[in-house]
Amino acid sequence: MPLPAALTTALRSLHLPFEEDAPLARRTWWRVGGPADALVTVSTAGQLAAVQRLARDHGCPLMVLGNGSNVLIADSGVRGIVLRLVDELSQSTAEDDLLKVGGGLRLPVLLARAEKQGWPGLEALAGIPGTVGGAIRMNAGTSLGEIGDLLESVEVVLPDGSIQTLSPADLHLGYRTCVLPPGAIVSSATLRLRGDAAASNELIRTFLERRKATQPLDMPSCGSTFRNPPGDAAGRLIEASGLKGLRIGGAVVSEKHANFLLNTGEATAEDLRALVERVRQLVAERQGVRLHPEVLLAGDWGRPGWDADT
Ligand SMILES: Cc1cc2nc3c(=O)[nH]c(=O)nc-3n(C[C@H](O)[C@H](O)[C@H](O)COP(=O)(O)OP(=O)(O)OC[C@H]3O[C@@H](n4cnc5c(N)ncnc54)[C@H](O)[C@@H]3O)c2cc1C
């Protein structure tokens with residue numbers, strides 16, 4: 001659906017990379033979902049603020065896409081503007097034991113730089129394919145910790161274009177949860193580097209080897225689909241319900257790790273959503289546990305989100 005002409009003209013006057021009816025599936029790890037009305041790429045916090053102000057002034061919806069590793073985008077796509085953060089917004093600079101990282105920086109790139117530069121203490125981010133902004137939004141982490149443990153401060157740009165610096169306490173971080181102000185986009189964060197680089201690298205190496213052996217990393221997924229319920233593992237509950245290999249259309253429950261739902265190649269977003277909902281329903285029936293998706297729905301689904309429909 002085209003954006004209003006006045007907004008398109010205003011966006012074009014910013015001279016930013018701007019694509020209409022832009023395919024998003026290839027920008028997501030599940031490789032599904034329809035196009036964005038407009039995909040705008042911003043390189044600086046100033047550009048980010050300018051686009052946010054324009055969207056707000058024109059009443060146009062806006063979402064930021066990180067590395068697309070935790071979103072299920074609807075087949076009908078995303079109305080309004082989708083933002084990508086690059087260049088200055090994906091840099092990293094270290095000063096003593098503080099590391100400033102851009103919201104658009106991909107964690108695997110950060111970890112590769114850390115290994116080269118000898119930056120310690122980032123092992124909690126190993127194996128997570130998201131960006132810094134997406135990781136903060138999700139308080140992403142593993143058995144080695146979570147990004148919230150590393151945060152000194154977070155800089156966000158608000159819908160009115162103002163910039164705010166938040167402390168970790170402001171974010172009310174929990175297990176895969178973080179509360180950002182409405183419409184806030186993480187432009188950068190400052191992490192504290194702790195510990196010994198050689199020890200961090202060794203931890204990361206063993207951790208990634210274990211992941212490779214236990215997770216189906218050769219097929220499109222969003223990693224763990226469901227959060228682990230307190231004291232249990234979603235994968236164990238799905239497996240105990242006999243759901244490994246369960247298939248809807250081109251979407252299937254992994255045989256290797258039951259909390260991974262895979263796109264076998266032809267899945268639609270509807271297939272994946274239907275499979276998430278079916279797994280949820282069957283685990284509730286067979287194990288008496290209601291699982292909560294960790295993956296977020298995005299775009300124009302035409303019906304309510306996860307919690308309202310099961
Ligand atoms: C193979 C695989 C393994 C994974 N392993 C793990 C794991 O071990 N631990 C874990 O926690 N997760 C894991 N994930 C899930 C995923 O990588 C994380 O949730 C990650 O933090 C998502 O980041 P993203 O940049 O891809 O966000 P996206 O999926 O692009 O977006 C997720 C949400 O964050 C918002 N967002 C993105 N950028 C910003 C920003 N700059 N400011 C504000 N909001 C923003 C988006 O609007 C969206 O609402 C895995 C995924 C895959 C595919």
# chains A, B, ... in the order shown; residues from 1 in each chain; ligands from 1

$ residues_near_ligand --ligand "ligand 1" --cutoff "7 Å" --atoms "only C-alpha atoms and all ligand atoms" --output "ChimeraX atom specification"
/A:29,63-71,103-104,127-142,176,184-187,217,221-224,296

$ write_last_selection --atoms "N, CA and C atoms" --output "tab-separated table (two decimals), in the first residue's frame"
chain	number	residue	atom	x	y	z
A	29	TRP	N	14.98	-14.16	9.52
A	29	TRP	CA	15.60	-15.49	9.61
A	29	TRP	C	14.64	-16.59	9.22
A	63	MET	N	8.05	0.89	12.29
A	63	MET	CA	8.72	-0.12	13.13
A	63	MET	C	10.17	-0.24	12.69
A	64	VAL	N	11.01	-0.65	13.64
A	64	VAL	CA	12.40	-0.87	13.29
A	64	VAL	C	12.62	-2.38	13.17
A	65	LEU	N	13.34	-2.74	12.13
A	65	LEU	CA	13.70	-4.14	11.95
A	65	LEU	C	15.18	-4.26	12.28
A	66	GLY	N	15.50	-5.19	13.17
A	66	GLY	CA	16.91	-5.44	13.46
A	66	GLY	C	17.42	-6.44	12.43
A	67	ASN	N	17.88	-7.59	12.93
A	67	ASN	CA	18.32	-8.62	11.99
A	67	ASN	C	17.20	-9.61	11.68
A	68	GLY	N	15.98	-9.30	12.08
A	68	GLY	CA	14.85	-10.16	11.73
A	68	GLY	C	14.94	-11.57	12.29
A	69	SER	N	15.62	-11.73	13.43
A	69	SER	CA	15.81	-13.09	13.95
A	69	SER	C	14.83	-13.45	15.08
A	70	ASN	N	13.90	-12.53	15.36
A	70	ASN	CA	12.89	-12.86	16.37
A	70	ASN	C	11.51	-12.32	16.01
A	71	VAL	N	11.26	-12.14	14.72
A	71	VAL	CA	9.95	-11.63	14.31
A	71	VAL	C	9.32	-12.54	13.25
A	103	GLY	N	22.86	0.68	17.79
A	103	GLY	CA	21.67	-0.16	17.90
A	103	GLY	C	21.54	-1.14	16.73
A	104	GLY	N	22.13	-0.80	15.58
A	104	GLY	CA	22.00	-1.67	14.40
A	104	GLY	C	23.14	-2.66	14.26
A	127	GLY	N	26.32	-16.63	19.78
A	127	GLY	CA	25.32	-17.49	19.12
A	127	GLY	C	23.99	-16.80	18.89
A	128	ILE	N	23.86	-15.54	19.28
A	128	ILE	CA	22.59	-14.83	19.08
A	128	ILE	C	22.72	-13.97	17.82
A	129	PRO	N	21.89	-14.22	16.80
A	129	PRO	CA	22.13	-13.52	15.53
A	129	PRO	C	21.54	-12.11	15.44
A	130	GLY	N	20.95	-11.60	16.52
A	130	GLY	CA	20.27	-10.30	16.45
A	130	GLY	C	21.22	-9.12	16.46
A	131	THR	N	20.63	-7.93	16.39
A	131	THR	CA	21.37	-6.68	16.53
A	131	THR	C	21.38	-6.25	18.00
A	132	VAL	N	22.18	-5.25	18.31
A	132	VAL	CA	22.21	-4.71	19.67
A	132	VAL	C	20.81	-4.22	20.07
A	133	GLY	N	20.14	-3.46	19.17
A	133	GLY	CA	18.81	-2.93	19.49
A	133	GLY	C	17.79	-4.04	19.72
A	134	GLY	N	17.80	-5.03	18.83
A	134	GLY	CA	16.87	-6.16	18.96
A	134	GLY	C	17.17	-6.96	20.22
A	135	ALA	N	18.46	-7.08	20.55
A	135	ALA	CA	18.84	-7.85	21.75
A	135	ALA	C	18.39	-7.12	23.01
A	136	ILE	N	18.49	-5.78	23.01
A	136	ILE	CA	18.04	-5.04	24.19
A	136	ILE	C	16.51	-5.14	24.30
A	137	ARG	N	15.84	-5.00	23.16
A	137	ARG	CA	14.37	-5.09	23.16
A	137	ARG	C	13.90	-6.41	23.77
A	138	MET	N	14.69	-7.49	23.51
A	138	MET	CA	14.31	-8.83	23.97
A	138	MET	C	15.04	-9.22	25.26
A	139	ASN	N	15.94	-8.38	25.75
A	139	ASN	CA	16.90	-8.80	26.78
A	139	ASN	C	17.42	-10.21	26.44
A	140	ALA	N	17.99	-10.30	25.24
A	140	ALA	CA	18.44	-11.59	24.72
A	140	ALA	C	19.58	-12.14	25.56
A	141	GLY	N	19.66	-13.45	25.61
A	141	GLY	CA	20.74	-14.07	26.37
A	141	GLY	C	20.73	-15.58	26.24
A	142	THR	N	21.64	-16.19	26.98
A	142	THR	CA	21.78	-17.65	26.94
A	142	THR	C	22.10	-18.10	28.37
A	176	ARG	N	13.90	-12.34	28.93
A	176	ARG	CA	13.51	-11.99	27.55
A	176	ARG	C	12.49	-10.85	27.51
A	184	ALA	N	10.09	4.01	21.33
A	184	ALA	CA	11.54	4.28	21.43
A	184	ALA	C	12.34	3.33	20.55
A	185	ILE	N	13.34	3.87	19.90
A	185	ILE	CA	14.26	3.05	19.10
A	185	ILE	C	15.65	3.19	19.69
A	186	VAL	N	16.29	2.04	19.94
A	186	VAL	CA	17.64	2.06	20.52
A	186	VAL	C	18.62	2.51	19.44
A	187	SER	N	19.26	3.65	19.65
A	187	SER	CA	20.26	4.12	18.68
A	187	SER	C	21.66	3.65	19.08
A	217	LEU	N	20.85	-25.44	12.95
A	217	LEU	CA	21.25	-24.11	12.48
A	217	LEU	C	21.35	-24.03	10.96
A	221	SER	N	14.97	-20.51	10.92
A	221	SER	CA	14.20	-20.58	12.16
A	221	SER	C	14.30	-19.22	12.83
A	222	CYS	N	13.64	-19.07	13.96
A	222	CYS	CA	13.86	-17.88	14.79
A	222	CYS	C	14.47	-18.31	16.11
A	223	GLY	N	15.28	-19.37	16.08
A	223	GLY	CA	15.84	-19.88	17.33
A	223	GLY	C	14.72	-20.48	18.17
A	224	SER	N	14.78	-20.28	19.46
A	224	SER	CA	13.74	-20.82	20.34
A	224	SER	C	12.44	-20.06	20.09
A	296	LEU	N	8.09	-12.51	18.22
A	296	LEU	CA	7.08	-11.45	18.16
A	296	LEU	C	6.40	-11.44	16.79

$ residues_around --residues "Glu123 in chain A" --least-positions-apart "5" --cutoff "8 Å" --atoms "only C-alpha atoms" --output "VMD selection string"
chain A and resid 144 to 145 200 to 201 203 to 204

$ write_last_selection --atoms "all heavy atoms" --output "PDB file, in the first residue's frame"
ATOM      1  N   LEU A 144      24.802 -18.340  29.493  1.00  0.00           N
ATOM      2  CA  LEU A 144      25.988 -17.588  29.942  1.00  0.00           C
ATOM      3  C   LEU A 144      25.647 -16.178  30.410  1.00  0.00           C
ATOM      4  O   LEU A 144      26.536 -15.408  30.741  1.00  0.00           O
ATOM      5  CB  LEU A 144      27.023 -17.520  28.809  1.00  0.00           C
ATOM      6  CG  LEU A 144      27.595 -18.857  28.324  1.00  0.00           C
ATOM      7  CD1 LEU A 144      28.599 -18.634  27.192  1.00  0.00           C
ATOM      8  CD2 LEU A 144      28.274 -19.607  29.474  1.00  0.00           C
ATOM      9  N   GLY A 145      24.357 -15.817  30.398  1.00  0.00           N
ATOM     10  CA  GLY A 145      23.959 -14.473  30.853  1.00  0.00           C
ATOM     11  C   GLY A 145      23.076 -13.795  29.825  1.00  0.00           C
ATOM     12  O   GLY A 145      22.654 -14.422  28.849  1.00  0.00           O
ATOM     13  N   SER A 200      37.041 -15.464  28.015  1.00  0.00           N
ATOM     14  CA  SER A 200      35.787 -15.240  27.293  1.00  0.00           C
ATOM     15  C   SER A 200      35.794 -15.994  25.967  1.00  0.00           C
ATOM     16  O   SER A 200      34.811 -16.660  25.602  1.00  0.00           O
ATOM     17  CB  SER A 200      35.599 -13.744  26.974  1.00  0.00           C
ATOM     18  OG  SER A 200      35.370 -13.032  28.155  1.00  0.00           O
ATOM     19  N   ASN A 201      36.919 -15.901  25.243  1.00  0.00           N
ATOM     20  CA  ASN A 201      36.996 -16.571  23.933  1.00  0.00           C
ATOM     21  C   ASN A 201      36.846 -18.081  24.077  1.00  0.00           C
ATOM     22  O   ASN A 201      36.193 -18.729  23.261  1.00  0.00           O
ATOM     23  CB  ASN A 201      38.320 -16.242  23.237  1.00  0.00           C
ATOM     24  CG  ASN A 201      38.344 -14.788  22.798  1.00  0.00           C
ATOM     25  OD1 ASN A 201      37.284 -14.153  22.668  1.00  0.00           O
ATOM     26  ND2 ASN A 201      39.529 -14.240  22.608  1.00  0.00           N
ATOM     27  N   LEU A 203      35.252 -19.685  26.514  1.00  0.00           N
ATOM     28  CA  LEU A 203      33.838 -19.956  26.847  1.00  0.00           C
ATOM     29  C   LEU A 203      32.976 -19.927  25.579  1.00  0.00           C
ATOM     30  O   LEU A 203      32.113 -20.780  25.359  1.00  0.00           O
ATOM     31  CB  LEU A 203      33.310 -18.873  27.789  1.00  0.00           C
ATOM     32  CG  LEU A 203      33.412 -19.102  29.280  1.00  0.00           C
ATOM     33  CD1 LEU A 203      32.976 -17.854  30.031  1.00  0.00           C
ATOM     34  CD2 LEU A 203      32.532 -20.292  29.699  1.00  0.00           C
ATOM     35  N   ILE A 204      33.219 -18.919  24.742  1.00  0.00           N
ATOM     36  CA  ILE A 204      32.426 -18.747  23.517  1.00  0.00           C
ATOM     37  C   ILE A 204      32.636 -19.934  22.571  1.00  0.00           C
ATOM     38  O   ILE A 204      31.691 -20.477  22.009  1.00  0.00           O
ATOM     39  CB  ILE A 204      32.787 -17.408  22.822  1.00  0.00           C
ATOM     40  CG1 ILE A 204      32.291 -16.238  23.678  1.00  0.00           C
ATOM     41  CG2 ILE A 204      32.217 -17.332  21.415  1.00  0.00           C
ATOM     42  CD1 ILE A 204      32.744 -14.863  23.219  1.00  0.00           C
TER      43      ILE A 204
END

$ residues_around --residues "Ser254 in chain A" --least-positions-apart "3" --cutoff "10 Å" --atoms "only C-alpha atoms" --output "ChimeraX atom specification"
/A:215-216,219,221,235,239,243-247,251,257-264

$ write_last_selection --atoms "C-alpha atoms" --output "mmCIF file, in the first residue's frame"
data_model
loop_
_atom_site.group_PDB
_atom_site.id
_atom_site.type_symbol
_atom_site.label_atom_id
_atom_site.label_comp_id
_atom_site.auth_asym_id
_atom_site.auth_seq_id
_atom_site.Cartn_x
_atom_site.Cartn_y
_atom_site.Cartn_z
ATOM 1 C CA GLN A 215 20.418 -26.894 17.318
ATOM 2 C CA PRO A 216 19.241 -27.107 13.698
ATOM 3 C CA MET A 219 17.479 -24.279 8.259
ATOM 4 C CA SER A 221 14.199 -20.580 12.164
ATOM 5 C CA GLY A 235 11.776 -27.917 24.077
ATOM 6 C CA GLU A 239 9.179 -33.267 22.741
ATOM 7 C CA LEU A 243 5.377 -33.094 18.546
ATOM 8 C CA LYS A 244 8.799 -33.415 16.918
ATOM 9 C CA GLY A 245 8.211 -33.535 13.166
ATOM 10 C CA LEU A 246 4.689 -32.055 13.412
ATOM 11 C CA ARG A 247 4.073 -30.202 10.165
ATOM 12 C CA ALA A 251 6.517 -25.346 8.638
ATOM 13 C CA HIS A 257 15.525 -29.366 18.966
ATOM 14 C CA ALA A 258 11.768 -29.285 19.509
ATOM 15 C CA ASN A 259 11.642 -25.570 20.426
ATOM 16 C CA PHE A 260 12.894 -24.721 16.914
ATOM 17 C CA LEU A 261 10.121 -24.383 14.317
ATOM 18 C CA LEU A 262 11.606 -24.534 10.836
ATOM 19 C CA ASN A 263 10.744 -23.275 7.386
ATOM 20 C CA THR A 264 11.396 -26.255 5.113
#

$ select_by_dssp --residues "range 82-251 of chain A" --states "helix (DSSP H, G or I)" --output "VMD selection string"
chain A and resid 87 to 90 107 to 117 123 to 125 132 to 138 147 to 150 168 to 171 197 to 214 234 to 240

$ closest_atom_pairs --of "range 3-72 of chain A" --to "range 147-165 of chain A" --cutoff "8 Å" --atoms "only C-alpha atoms" --output "JSON lines"
{"residue": "A:Ala45", "atom": "CA", "partner": "A:Val157", "partner_atom": "CA", "distance": 7.4}
{"residue": "A:Leu48", "atom": "CA", "partner": "A:Val157", "partner_atom": "CA", "distance": 7.4}
{"residue": "A:Ala49", "atom": "CA", "partner": "A:Gly161", "partner_atom": "CA", "distance": 4.1}
{"residue": "A:Ala50", "atom": "CA", "partner": "A:Gly161", "partner_atom": "CA", "distance": 6.4}
{"residue": "A:Gln52", "atom": "CA", "partner": "A:Pro159", "partner_atom": "CA", "distance": 5.1}
{"residue": "A:Arg53", "atom": "CA", "partner": "A:Asp160", "partner_atom": "CA", "distance": 5.2}
{"residue": "A:Arg56", "atom": "CA", "partner": "A:Pro159", "partner_atom": "CA", "distance": 6.3}

$ closest_residue --among "A:Arg236, A:Arg205, A:Arg194, A:Arg31" --to "Gly265 in chain A" --atoms "only C-alpha atoms"
A:Arg31

$ atom_distance --atom1 "CA of Thr190 in chain A" --atom2 "CA of Leu39 in chain A"
27.3 Å

$ residues_around --residues "Gly80 in chain A" --least-positions-apart "3" --cutoff "9 Å" --atoms "only C-alpha atoms" --output "ChimeraX atom specification"
/A:1-3,36-39,55,60-63

$ closest_atom_pairs --of "range 155-251 of chain A" --to "range 276-286 of chain A" --cutoff "7 Å" --atoms "only C-alpha atoms" --output "JSON lines"
{"residue": "A:Leu237", "atom": "CA", "partner": "A:Val283", "partner_atom": "CA", "distance": 6.7}
{"residue": "A:Ile238", "atom": "CA", "partner": "A:Val283", "partner_atom": "CA", "distance": 6.2}
{"residue": "A:Ser241", "atom": "CA", "partner": "A:Arg286", "partner_atom": "CA", "distance": 6.0}

$ write_last_selection --atoms "all heavy atoms" --output "PDB file, in the first residue's frame"
ATOM      1  N   LEU A 237       9.101 -29.944  26.877  1.00  0.00           N
ATOM      2  CA  LEU A 237       7.638 -30.117  26.926  1.00  0.00           C
ATOM      3  C   LEU A 237       7.082 -30.454  25.539  1.00  0.00           C
ATOM      4  O   LEU A 237       6.177 -31.287  25.405  1.00  0.00           O
ATOM      5  CB  LEU A 237       6.984 -28.832  27.447  1.00  0.00           C
ATOM      6  CG  LEU A 237       7.223 -28.559  28.937  1.00  0.00           C
ATOM      7  CD1 LEU A 237       6.984 -27.103  29.269  1.00  0.00           C
ATOM      8  CD2 LEU A 237       6.327 -29.467  29.782  1.00  0.00           C
ATOM      9  N   ILE A 238       7.636 -29.827  24.509  1.00  0.00           N
ATOM     10  CA  ILE A 238       7.151 -30.090  23.143  1.00  0.00           C
ATOM     11  C   ILE A 238       7.516 -31.520  22.732  1.00  0.00           C
ATOM     12  O   ILE A 238       6.702 -32.260  22.177  1.00  0.00           O
ATOM     13  CB  ILE A 238       7.742 -29.047  22.158  1.00  0.00           C
ATOM     14  CG1 ILE A 238       7.302 -27.622  22.553  1.00  0.00           C
ATOM     15  CG2 ILE A 238       7.319 -29.343  20.726  1.00  0.00           C
ATOM     16  CD1 ILE A 238       8.053 -26.499  21.836  1.00  0.00           C
ATOM     17  N   SER A 241       5.419 -34.050  24.404  1.00  0.00           N
ATOM     18  CA  SER A 241       4.063 -34.086  23.834  1.00  0.00           C
ATOM     19  C   SER A 241       4.040 -34.833  22.499  1.00  0.00           C
ATOM     20  O   SER A 241       2.993 -34.910  21.843  1.00  0.00           O
ATOM     21  CB  SER A 241       3.545 -32.656  23.608  1.00  0.00           C
ATOM     22  OG  SER A 241       3.608 -31.930  24.800  1.00  0.00           O
TER      23      SER A 241
END

$ closest_residue --among "A:Gly299, A:Gly305, A:Pro108, A:Gly46" --to "Leu24 in chain A" --atoms "only C-alpha atoms"
A:Gly299

$ residues_around --residues "Ala298 in chain A" --least-positions-apart "6" --cutoff "7 Å" --atoms "only C-alpha atoms" --output "ChimeraX atom specification"
/A:71-74

$ write_last_selection --atoms "N, CA, C and O atoms" --output "compact mmCIF listing (two decimals), in the first residue's frame"
# COMPACT_ATOMS: atom_id res chain seq x y z
N VAL A 71 11.26 -12.14 14.72
CA VAL A 71 9.95 -11.63 14.31
C VAL A 71 9.32 -12.54 13.25
O VAL A 71 10.01 -13.09 12.39
N LEU A 72 8.00 -12.65 13.36
CA LEU A 72 7.22 -13.35 12.34
C LEU A 72 6.38 -12.29 11.64
O LEU A 72 5.41 -11.77 12.20
N ILE A 73 6.79 -11.93 10.44
CA ILE A 73 6.12 -10.87 9.69
C ILE A 73 4.99 -11.47 8.86
O ILE A 73 5.17 -12.48 8.18
N ALA A 74 3.82 -10.82 8.91
CA ALA A 74 2.63 -11.34 8.22
C ALA A 74 2.86 -11.43 6.71
O ALA A 74 3.60 -10.62 6.13

$ atom_distance --atom1 "CA of Val86 in chain A" --atom2 "CA of Thr44 in chain A"
7.9 Å

$ atom_distance --atom1 "CA of Glu266 in chain A" --atom2 "CA of Gly34 in chain A"
13.9 Å

$ select_by_dssp --residues "range 67-248 of chain A" --states "strand (DSSP E)" --output "NGL selection string"
:A and (71-73 or 78-85 or 92-95 or 98-102 or 141-142 or 145-146 or 151-157 or 163-166 or 185-192 or 247-248)
